[in-house]
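Text of query_34.cif, listed as mmCIF, C-alpha atoms, pLDDT in the B column; chains and numbers go by the auth columns:
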data_work
loop_
_atom_site.group_PDB
_atom_site.id
_atom_site.type_symbol
_atom_site.label_atom_id
_atom_site.label_comp_id
_atom_site.label_asym_id
_atom_site.label_seq_id
_atom_site.Cartn_x
_atom_site.Cartn_y
_atom_site.Cartn_z
_atom_site.B_iso_or_equiv
_atom_site.auth_seq_id
_atom_site.auth_asym_id
ATOM 1 C CA MET A 1 149.287 44.481 108.281 66.00 1 M
ATOM 2 C CA SER A 2 148.923 42.836 111.655 66.00 2 M
ATOM 3 C CA PRO A 3 150.914 39.711 112.606 65.00 3 M
ATOM 4 C CA ARG A 4 147.665 37.717 112.512 70.00 4 M
ATOM 5 C CA GLN A 5 146.948 38.859 108.942 69.00 5 M
ATOM 6 C CA GLN A 6 150.507 38.020 107.947 70.00 6 M
ATOM 7 C CA ARG A 7 150.132 34.521 109.400 77.00 7 M
ATOM 8 C CA GLY A 8 146.855 34.162 107.520 74.00 8 M
ATOM 9 C CA GLU A 9 148.515 35.098 104.219 89.00 9 M
ATOM 10 C CA VAL A 10 151.331 32.628 104.869 92.00 10 M
ATOM 11 C CA THR A 11 148.783 29.881 105.590 94.00 11 M
ATOM 12 C CA VAL A 12 146.795 30.663 102.440 96.00 12 M
ATOM 13 C CA ASP A 13 149.973 30.593 100.347 96.00 13 M
ATOM 14 C CA ARG A 14 151.082 27.301 101.931 96.00 14 M
ATOM 15 C CA LEU A 15 147.704 25.705 101.201 97.00 15 M
ATOM 16 C CA LEU A 16 147.634 26.884 97.589 97.00 16 M
ATOM 17 C CA THR A 17 151.245 25.884 96.933 97.00 17 M
ATOM 18 C CA SER A 18 150.689 22.469 98.498 97.00 18 M
ATOM 19 C CA ALA A 19 147.439 21.972 96.583 97.00 19 M
ATOM 20 C CA LEU A 20 149.215 22.623 93.272 97.00 20 M
ATOM 21 C CA ARG A 21 151.968 20.175 94.206 97.00 21 M
ATOM 22 C CA VAL A 22 149.434 17.507 95.213 97.00 22 M
ATOM 23 C CA PHE A 23 147.588 17.934 91.920 96.00 23 M
ATOM 24 C CA ALA A 24 150.825 17.746 89.902 95.00 24 M
ATOM 25 C CA GLU A 25 151.996 14.618 91.714 95.00 25 M
ATOM 26 C CA SER A 26 148.687 12.780 92.137 94.00 26 M
ATOM 27 C CA GLY A 27 146.370 14.070 89.414 90.00 27 M
ATOM 28 C CA GLN A 28 142.710 14.865 89.775 88.00 28 M
ATOM 29 C CA GLN A 29 141.916 11.615 91.600 90.00 29 M
ATOM 30 C CA GLY A 30 144.549 12.287 94.244 93.00 30 M
ATOM 31 C CA PHE A 31 143.532 15.922 94.629 94.00 31 M
ATOM 32 C CA THR A 32 141.662 15.578 97.910 94.00 32 M
ATOM 33 C CA VAL A 33 141.239 17.648 101.025 96.00 33 M
ATOM 34 C CA SER A 34 143.104 15.096 103.130 96.00 34 M
ATOM 35 C CA ALA A 35 146.033 15.008 100.682 97.00 35 M
ATOM 36 C CA VAL A 36 146.295 18.812 100.700 97.00 36 M
ATOM 37 C CA THR A 37 146.077 19.167 104.484 97.00 37 M
ATOM 38 C CA ARG A 38 148.644 16.400 104.903 96.00 38 M
ATOM 39 C CA ALA A 39 151.046 17.967 102.354 97.00 39 M
ATOM 40 C CA SER A 40 150.652 21.488 103.752 97.00 40 M
ATOM 41 C CA GLY A 41 150.638 20.649 107.444 95.00 41 M
ATOM 42 C CA VAL A 42 147.615 22.936 107.777 95.00 42 M
ATOM 43 C CA SER A 43 144.550 21.744 109.659 94.00 43 M
ATOM 44 C CA LEU A 44 141.219 21.050 108.000 95.00 44 M
ATOM 45 C CA GLY A 45 139.651 23.751 110.168 95.00 45 M
ATOM 46 C CA SER A 46 142.155 26.319 108.940 95.00 46 M
ATOM 47 C CA LEU A 47 141.527 25.337 105.317 96.00 47 M
ATOM 48 C CA TYR A 48 137.796 25.818 105.816 95.00 48 M
ATOM 49 C CA HIS A 49 138.395 29.078 107.671 95.00 49 M
ATOM 50 C CA HIS A 50 140.318 30.563 104.740 95.00 50 M
ATOM 51 C CA PHE A 51 138.451 29.048 101.783 96.00 51 M
ATOM 52 C CA GLY A 52 135.039 27.919 103.060 95.00 52 M
ATOM 53 C CA SER A 53 135.371 24.505 101.434 94.00 53 M
ATOM 54 C CA PHE A 54 137.745 22.363 99.415 95.00 54 M
ATOM 55 C CA ASP A 55 135.996 23.633 96.282 94.00 55 M
ATOM 56 C CA GLY A 56 136.775 27.155 97.471 95.00 56 M
ATOM 57 C CA LEU A 57 140.443 26.227 97.759 96.00 57 M
ATOM 58 C CA ALA A 58 140.414 24.719 94.247 95.00 58 M
ATOM 59 C CA ALA A 59 138.722 27.833 92.853 95.00 59 M
ATOM 60 C CA ALA A 60 141.284 30.085 94.558 96.00 60 M
ATOM 61 C CA LEU A 61 144.108 27.984 93.122 97.00 61 M
ATOM 62 C CA TYR A 62 142.551 28.086 89.649 96.00 62 M
ATOM 63 C CA THR A 63 142.202 31.866 89.915 95.00 63 M
ATOM 64 C CA ARG A 64 145.791 32.238 91.074 97.00 64 M
ATOM 65 C CA CYS A 65 147.089 30.113 88.177 97.00 65 M
ATOM 66 C CA MET A 66 144.918 31.948 85.644 96.00 66 M
ATOM 67 C CA GLU A 67 146.091 35.332 86.900 96.00 67 M
ATOM 68 C CA GLN A 68 149.704 34.212 86.645 97.00 68 M
ATOM 69 C CA LEU A 69 149.243 33.240 82.977 97.00 69 M
ATOM 70 C CA PHE A 70 147.275 36.353 82.022 97.00 70 M
ATOM 71 C CA ASP A 71 149.631 38.695 83.875 97.00 71 M
ATOM 72 C CA GLU A 72 152.550 37.322 81.860 97.00 72 M
ATOM 73 C CA MET A 73 150.611 37.690 78.603 97.00 73 M
ATOM 74 C CA THR A 74 149.606 41.258 79.450 96.00 74 M
ATOM 75 C CA ALA A 75 153.224 42.084 80.282 96.00 75 M
ATOM 76 C CA VAL A 76 154.458 40.956 76.854 96.00 76 M
ATOM 77 C CA LEU A 77 151.819 43.108 75.187 95.00 77 M
ATOM 78 C CA THR A 78 153.094 46.247 76.896 92.00 78 M
ATOM 79 C CA ARG A 79 156.423 45.754 75.100 94.00 79 M
ATOM 80 C CA ALA A 80 154.906 45.074 71.660 95.00 80 M
ATOM 81 C CA ARG A 81 154.965 47.933 69.175 92.00 81 M
ATOM 82 C CA THR A 82 152.864 46.507 66.351 96.00 82 M
ATOM 83 C CA ALA A 83 149.815 44.292 66.008 97.00 83 M
ATOM 84 C CA ARG A 84 151.974 41.545 64.501 97.00 84 M
ATOM 85 C CA THR A 85 154.580 41.572 67.274 97.00 85 M
ATOM 86 C CA GLY A 86 151.842 41.665 69.917 97.00 86 M
ATOM 87 C CA ILE A 87 149.887 38.714 68.514 97.00 87 M
ATOM 88 C CA ARG A 88 153.063 36.682 68.026 98.00 88 M
ATOM 89 C CA ALA A 89 154.191 37.542 71.574 97.00 89 M
ATOM 90 C CA LEU A 90 150.879 36.371 73.072 97.00 90 M
ATOM 91 C CA VAL A 91 151.124 32.979 71.355 98.00 91 M
ATOM 92 C CA GLN A 92 154.777 32.552 72.296 98.00 92 M
ATOM 93 C CA CYS A 93 154.090 33.634 75.872 98.00 93 M
ATOM 94 C CA TYR A 94 151.345 31.028 76.294 98.00 94 M
ATOM 95 C CA LEU A 95 153.600 28.251 75.011 98.00 95 M
ATOM 96 C CA ARG A 96 156.618 29.418 77.009 97.00 96 M
ATOM 97 C CA PHE A 97 154.483 29.678 80.158 98.00 97 M
ATOM 98 C CA THR A 98 153.316 26.095 79.634 97.00 98 M
ATOM 99 C CA GLU A 99 156.882 24.863 79.347 96.00 99 M
ATOM 100 C CA GLU A 100 158.206 26.901 82.274 97.00 100 M
ATOM 101 C CA HIS A 101 155.228 26.277 84.592 97.00 101 M
ATOM 102 C CA PRO A 102 153.875 22.847 83.603 96.00 102 M
ATOM 103 C CA ASP A 103 152.212 22.266 86.991 96.00 103 M
ATOM 104 C CA VAL A 104 150.284 25.540 86.730 97.00 104 M
ATOM 105 C CA ALA A 105 149.345 24.903 83.094 96.00 105 M
ATOM 106 C CA LEU A 106 148.252 21.351 83.906 95.00 106 M
ATOM 107 C CA PHE A 107 145.995 22.543 86.722 96.00 107 M
ATOM 108 C CA LEU A 108 144.425 25.182 84.460 94.00 108 M
ATOM 109 C CA HIS A 109 143.740 22.763 81.626 92.00 109 M
ATOM 110 C CA ALA A 110 142.654 19.803 83.744 91.00 110 M
ATOM 111 C CA SER A 111 140.449 21.844 86.055 86.00 111 M
ATOM 112 C CA ALA A 112 138.721 24.193 83.619 76.00 112 M
ATOM 113 C CA TYR A 113 135.511 22.154 83.514 74.00 113 M
ATOM 114 C CA SER A 114 135.731 20.201 86.742 80.00 114 M
ATOM 115 C CA GLY A 115 132.907 20.005 89.205 82.00 115 M
ATOM 116 C CA TYR A 116 134.841 21.522 92.074 80.00 116 M
ATOM 117 C CA LEU A 117 134.941 24.887 90.309 86.00 117 M
ATOM 118 C CA ALA A 118 131.215 25.010 89.515 86.00 118 M
ATOM 119 C CA ALA A 119 130.170 26.744 92.743 87.00 119 M
ATOM 120 C CA HIS A 120 132.654 29.541 92.029 90.00 120 M
ATOM 121 C CA ALA A 121 132.086 29.836 88.271 90.00 121 M
ATOM 122 C CA ASP A 122 130.753 33.411 88.408 91.00 122 M
ATOM 123 C CA GLU A 123 133.697 34.634 90.462 92.00 123 M
ATOM 124 C CA ILE A 124 136.203 32.899 88.167 92.00 124 M
ATOM 125 C CA ARG A 125 134.435 34.252 85.086 92.00 125 M
ATOM 126 C CA GLY A 126 134.661 37.767 86.535 94.00 126 M
ATOM 127 C CA VAL A 127 138.403 37.508 87.142 93.00 127 M
ATOM 128 C CA LYS A 128 138.946 36.087 83.658 92.00 128 M
ATOM 129 C CA ALA A 129 136.857 38.872 82.108 93.00 129 M
ATOM 130 C CA ASP A 130 139.023 41.481 83.862 94.00 130 M
ATOM 131 C CA LYS A 131 142.188 39.836 82.569 94.00 131 M
ATOM 132 C CA LEU A 132 140.805 39.515 79.037 92.00 132 M
ATOM 133 C CA ALA A 133 139.768 43.175 79.178 93.00 133 M
ATOM 134 C CA ALA A 134 143.430 44.201 79.502 93.00 134 M
ATOM 135 C CA ILE A 135 144.219 42.259 76.319 94.00 135 M
ATOM 136 C CA ALA A 136 141.113 43.657 74.597 94.00 136 M
ATOM 137 C CA ASP A 137 142.208 47.193 75.502 95.00 137 M
ATOM 138 C CA TRP A 138 145.442 46.569 73.604 96.00 138 M
ATOM 139 C CA LEU A 139 143.720 44.908 70.630 96.00 139 M
ATOM 140 C CA GLU A 140 140.812 47.330 70.146 96.00 140 M
ATOM 141 C CA PRO A 141 142.736 50.364 68.826 96.00 141 M
ATOM 142 C CA ARG A 142 144.627 48.086 66.440 96.00 142 M
ATOM 143 C CA VAL A 143 141.364 46.691 65.100 97.00 143 M
ATOM 144 C CA GLU A 144 140.033 50.239 64.707 96.00 144 M
ATOM 145 C CA ALA A 145 143.241 51.249 62.896 96.00 145 M
ATOM 146 C CA GLY A 146 142.778 48.379 60.443 96.00 146 M
ATOM 147 C CA GLU A 147 145.870 46.450 61.599 96.00 147 M
ATOM 148 C CA ILE A 148 143.765 43.489 62.790 97.00 148 M
ATOM 149 C CA ALA A 149 140.717 42.060 61.011 97.00 149 M
ATOM 150 C CA PRO A 150 137.447 43.584 62.314 96.00 150 M
ATOM 151 C CA LEU A 151 136.090 40.444 63.948 96.00 151 M
ATOM 152 C CA PRO A 152 134.005 40.147 67.125 95.00 152 M
ATOM 153 C CA ALA A 153 136.310 40.390 70.157 92.00 153 M
ATOM 154 C CA PRO A 154 135.479 36.881 71.463 93.00 154 M
ATOM 155 C CA LEU A 155 136.497 35.380 68.097 96.00 155 M
ATOM 156 C CA ILE A 156 139.745 37.325 68.088 96.00 156 M
ATOM 157 C CA HIS A 157 140.492 35.893 71.541 94.00 157 M
ATOM 158 C CA VAL A 158 139.713 32.385 70.275 96.00 158 M
ATOM 159 C CA LEU A 159 141.980 32.804 67.250 97.00 159 M
ATOM 160 C CA ILE A 160 144.835 34.041 69.447 97.00 160 M
ATOM 161 C CA LEU A 161 144.481 31.779 72.480 96.00 161 M
ATOM 162 C CA GLY A 162 142.837 28.688 70.974 96.00 162 M
ATOM 163 C CA PRO A 163 145.842 27.282 69.084 97.00 163 M
ATOM 164 C CA PRO A 164 148.390 27.690 71.908 97.00 164 M
ATOM 165 C CA ALA A 165 145.863 26.455 74.492 96.00 165 M
ATOM 166 C CA GLU A 166 145.140 23.279 72.520 96.00 166 M
ATOM 167 C CA THR A 167 148.858 22.781 71.869 96.00 167 M
ATOM 168 C CA ALA A 168 149.529 23.150 75.591 96.00 168 M
ATOM 169 C CA ARG A 169 146.729 20.732 76.461 94.00 169 M
ATOM 170 C CA ARG A 170 148.148 18.101 74.113 94.00 170 M
ATOM 171 C CA TRP A 171 151.726 18.658 75.286 95.00 171 M
ATOM 172 C CA LEU A 172 150.652 18.260 78.913 93.00 172 M
ATOM 173 C CA SER A 173 148.780 15.047 78.104 89.00 173 M
ATOM 174 C CA SER A 174 150.579 11.749 77.718 75.00 174 M
ATOM 175 C CA THR A 175 148.127 10.822 74.947 79.00 175 M
ATOM 176 C CA TYR A 176 149.602 13.044 72.233 78.00 176 M
ATOM 177 C CA ASP A 177 153.028 13.449 70.715 87.00 177 M
ATOM 178 C CA ILE A 178 153.526 17.168 70.121 92.00 178 M
ATOM 179 C CA ASP A 179 156.723 19.169 69.794 93.00 179 M
ATOM 180 C CA LEU A 180 156.347 22.363 71.810 94.00 180 M
ATOM 181 C CA ALA A 181 159.499 23.914 70.315 94.00 181 M
ATOM 182 C CA GLN A 182 158.132 23.312 66.824 96.00 182 M
ATOM 183 C CA ALA A 183 154.809 24.883 67.796 97.00 183 M
ATOM 184 C CA TYR A 184 156.704 27.862 69.227 96.00 184 M
ATOM 185 C CA ARG A 185 158.345 28.397 65.825 97.00 185 M
ATOM 186 C CA ILE A 186 155.289 27.809 63.629 97.00 186 M
ATOM 187 C CA LEU A 187 152.147 28.944 65.468 98.00 187 M
ATOM 188 C CA PRO A 188 152.875 32.658 66.087 98.00 188 M
ATOM 189 C CA ASP A 189 152.982 33.548 62.381 97.00 189 M
ATOM 190 C CA ARG A 190 150.085 31.233 61.533 97.00 190 M
ATOM 191 C CA VAL A 191 147.935 32.835 64.211 98.00 191 M
ATOM 192 C CA TRP A 192 148.969 36.307 63.052 98.00 192 M
ATOM 193 C CA ARG A 193 147.982 35.461 59.467 97.00 193 M
ATOM 194 C CA SER A 194 144.518 34.423 60.636 97.00 194 M
ATOM 195 C CA LEU A 195 144.044 37.907 62.095 97.00 195 M
ATOM 196 C CA GLN A 196 145.410 40.015 59.261 96.00 196 M
ATOM 197 C CA PRO A 197 142.834 42.177 57.513 91.00 197 M
ATOM 198 C CA ASP A 198 141.584 40.844 54.147 84.00 198 M
#
As a first step, turn the structure in this file into structure tokens.
Amino acid sequence: MSPRQQRGEVTVDRLLTSALRVFAESGQQGFTVSAVTRASGVSLGSLYHHFGSFDGLAAALYTRCMEQLFDEMTAVLTRARTARTGIRALVQCYLRFTEEHPDVALFLHASAYSGYLAAHADEIRGVKADKLAAIADWLEPRVEAGEIAPLPAPLIHVLILGPPAETARRWLSSTYDIDLAQAYRILPDRVWRSLQPD
């Protein structure tokens, strides 16, 4: 890699890291191009050079955060020996990730349906599909073996990821009072039971 490419990667990382910090400190209303350029020390021209627009930066940050979450979930699956331990590990991983990386989790949950991602929806959907495919590849043989209920794959994903995602959303919000440690103890087995064959 040339020195220029290395500098470019450093600039991209600085912009994305600063953007996440700005969002965590200022929320969606304070998440502006001027706030990010000020926090990063990177010029507006450089931001546009690397991302095309502020929406492009937001989409890149969303993708980076999503990949971080899914990579951790995929990693726990590689260590799971049974359907039960794998499902439980996915739920626990999501909740643990939320607690350990609240800024990342907050950006994912707060940005999922925001307007600044709309122009990049197809690209984001493609990355998410690739990440979900790795989980599906682990689940499919267990469904075929009768260890997991034979449900449509999208519904299996909803049953696994829906409860921890909603728990995370509520925990990250100041509106709800939810005990993440309690959810960590209770949800994995409840989710597993919903996926056991009849």
Residue nearest Leu172 in chain M among M:Ser114, M:Ser46, M:Ser18, M:Thr98 (counting all atoms listed in the file): M:Thr98
Radius query 12 Å about (159.2, 26.2, 70.3), atoms used: only C-alpha atoms, as a PyMOL selection string: chain M and resi 91-99+164+167-168+171+178-188
Close residues, Arg125 in chain M itself excluded, 12 Å, all atoms listed in the file, min 5 positions apart in chain, as a ChimeraX atom specification: /M:59,62-63,66-67,112,117-120,130-133
Take the residues from that selection and put them in a file with C-alpha atoms, as a PDB file, keeping the file's coordinate frame.
ATOM      1  CA  ALA M  59     138.722  27.833  92.853  1.00 95.00           C
ATOM      2  CA  TYR M  62     142.551  28.086  89.649  1.00 96.00           C
ATOM      3  CA  THR M  63     142.202  31.866  89.915  1.00 95.00           C
ATOM      4  CA  MET M  66     144.918  31.948  85.644  1.00 96.00           C
ATOM      5  CA  GLU M  67     146.091  35.332  86.900  1.00 96.00           C
ATOM      6  CA  ALA M 112     138.721  24.193  83.619  1.00 76.00           C
ATOM      7  CA  LEU M 117     134.941  24.887  90.309  1.00 86.00           C
ATOM      8  CA  ALA M 118     131.215  25.010  89.515  1.00 86.00           C
ATOM      9  CA  ALA M 119     130.170  26.744  92.743  1.00 87.00           C
ATOM     10  CA  HIS M 120     132.654  29.541  92.029  1.00 90.00           C
ATOM     11  CA  ASP M 130     139.023  41.481  83.862  1.00 94.00           C
ATOM     12  CA  LYS M 131     142.188  39.836  82.569  1.00 94.00           C
ATOM     13  CA  LEU M 132     140.805  39.515  79.037  1.00 92.00           C
ATOM     14  CA  ALA M 133     139.768  43.175  79.178  1.00 93.00           C
TER      15      ALA M 133
END
Exercise: range 87-90 of chain M partners within 10 Å, all atoms listed in the file, chain neighbours under 5 positions left out, as number ranges by chain: M: 70, 72-77, 79-80, 82, 95-96, 135, 139, 148, 159-161, 164, 184, 187-193, 195
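Computed from the coordinates, the CA of Thr32 in chain M to CA of Leu61 in chain M distance equals 13.5 Å.
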Of the listed residues M:Arg81, M:Arg142, M:Arg64, M:Arg7, that which approaches Ile156 in chain M most closely, counting only C-alpha atoms: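 Answer, going by the shortest atom-to-atom distance: M:Arg142.
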As lines of an AutoDock Vina configuration file: centre and edge lengths in Å, one decimal, of the axis-aligned box holding range 124-138 of chain M with 8 Å per side:
center_x = 139.9
center_y = 40.0
center_z = 80.9
size_x = 27.0
size_y = 30.3
size_z = 30.6
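The nearest approach to Ser34 in chain M among the residues M:Gly8, M:Cys65, M:Thr17, M:Phe54, with only C-alpha atoms taken into account, belongs to M:Phe54.
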Near Gln196 in chain M, counting all atoms listed in the file, which residues have an atom at most 10 Å away, once you skip same-chain residues fewer than 6 positions from it, shown as a PDB file with C-alpha atoms, in the frame of the given file?
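Saved result, around-v1.pdb, follows:
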ATOM      1  CA  ALA M  83     149.815  44.292  66.008  1.00 97.00           C
ATOM      2  CA  ARG M  84     151.974  41.545  64.501  1.00 97.00           C
ATOM      3  CA  VAL M 143     141.364  46.691  65.100  1.00 97.00           C
ATOM      4  CA  GLY M 146     142.778  48.379  60.443  1.00 96.00           C
ATOM      5  CA  GLU M 147     145.870  46.450  61.599  1.00 96.00           C
ATOM      6  CA  ILE M 148     143.765  43.489  62.790  1.00 97.00           C
ATOM      7  CA  ALA M 149     140.717  42.060  61.011  1.00 97.00           C
ATOM      8  CA  PRO M 150     137.447  43.584  62.314  1.00 96.00           C
TER       9      PRO M 150
END
Gap from CA of Phe51 in chain M to CA of Val12 in chain M - Å, one decimal: 8.5 Å
CA of Val36 in chain M to CA of Ala19 in chain M, distance in Å rounded to a single decimal: 5.3 Å
Nearest residue to Leu151 in chain M from the set M:His50, M:Gly115, M:Arg38, M:Asp198 (distances using only C-alpha atoms):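 Closest candidate: M:Asp198.
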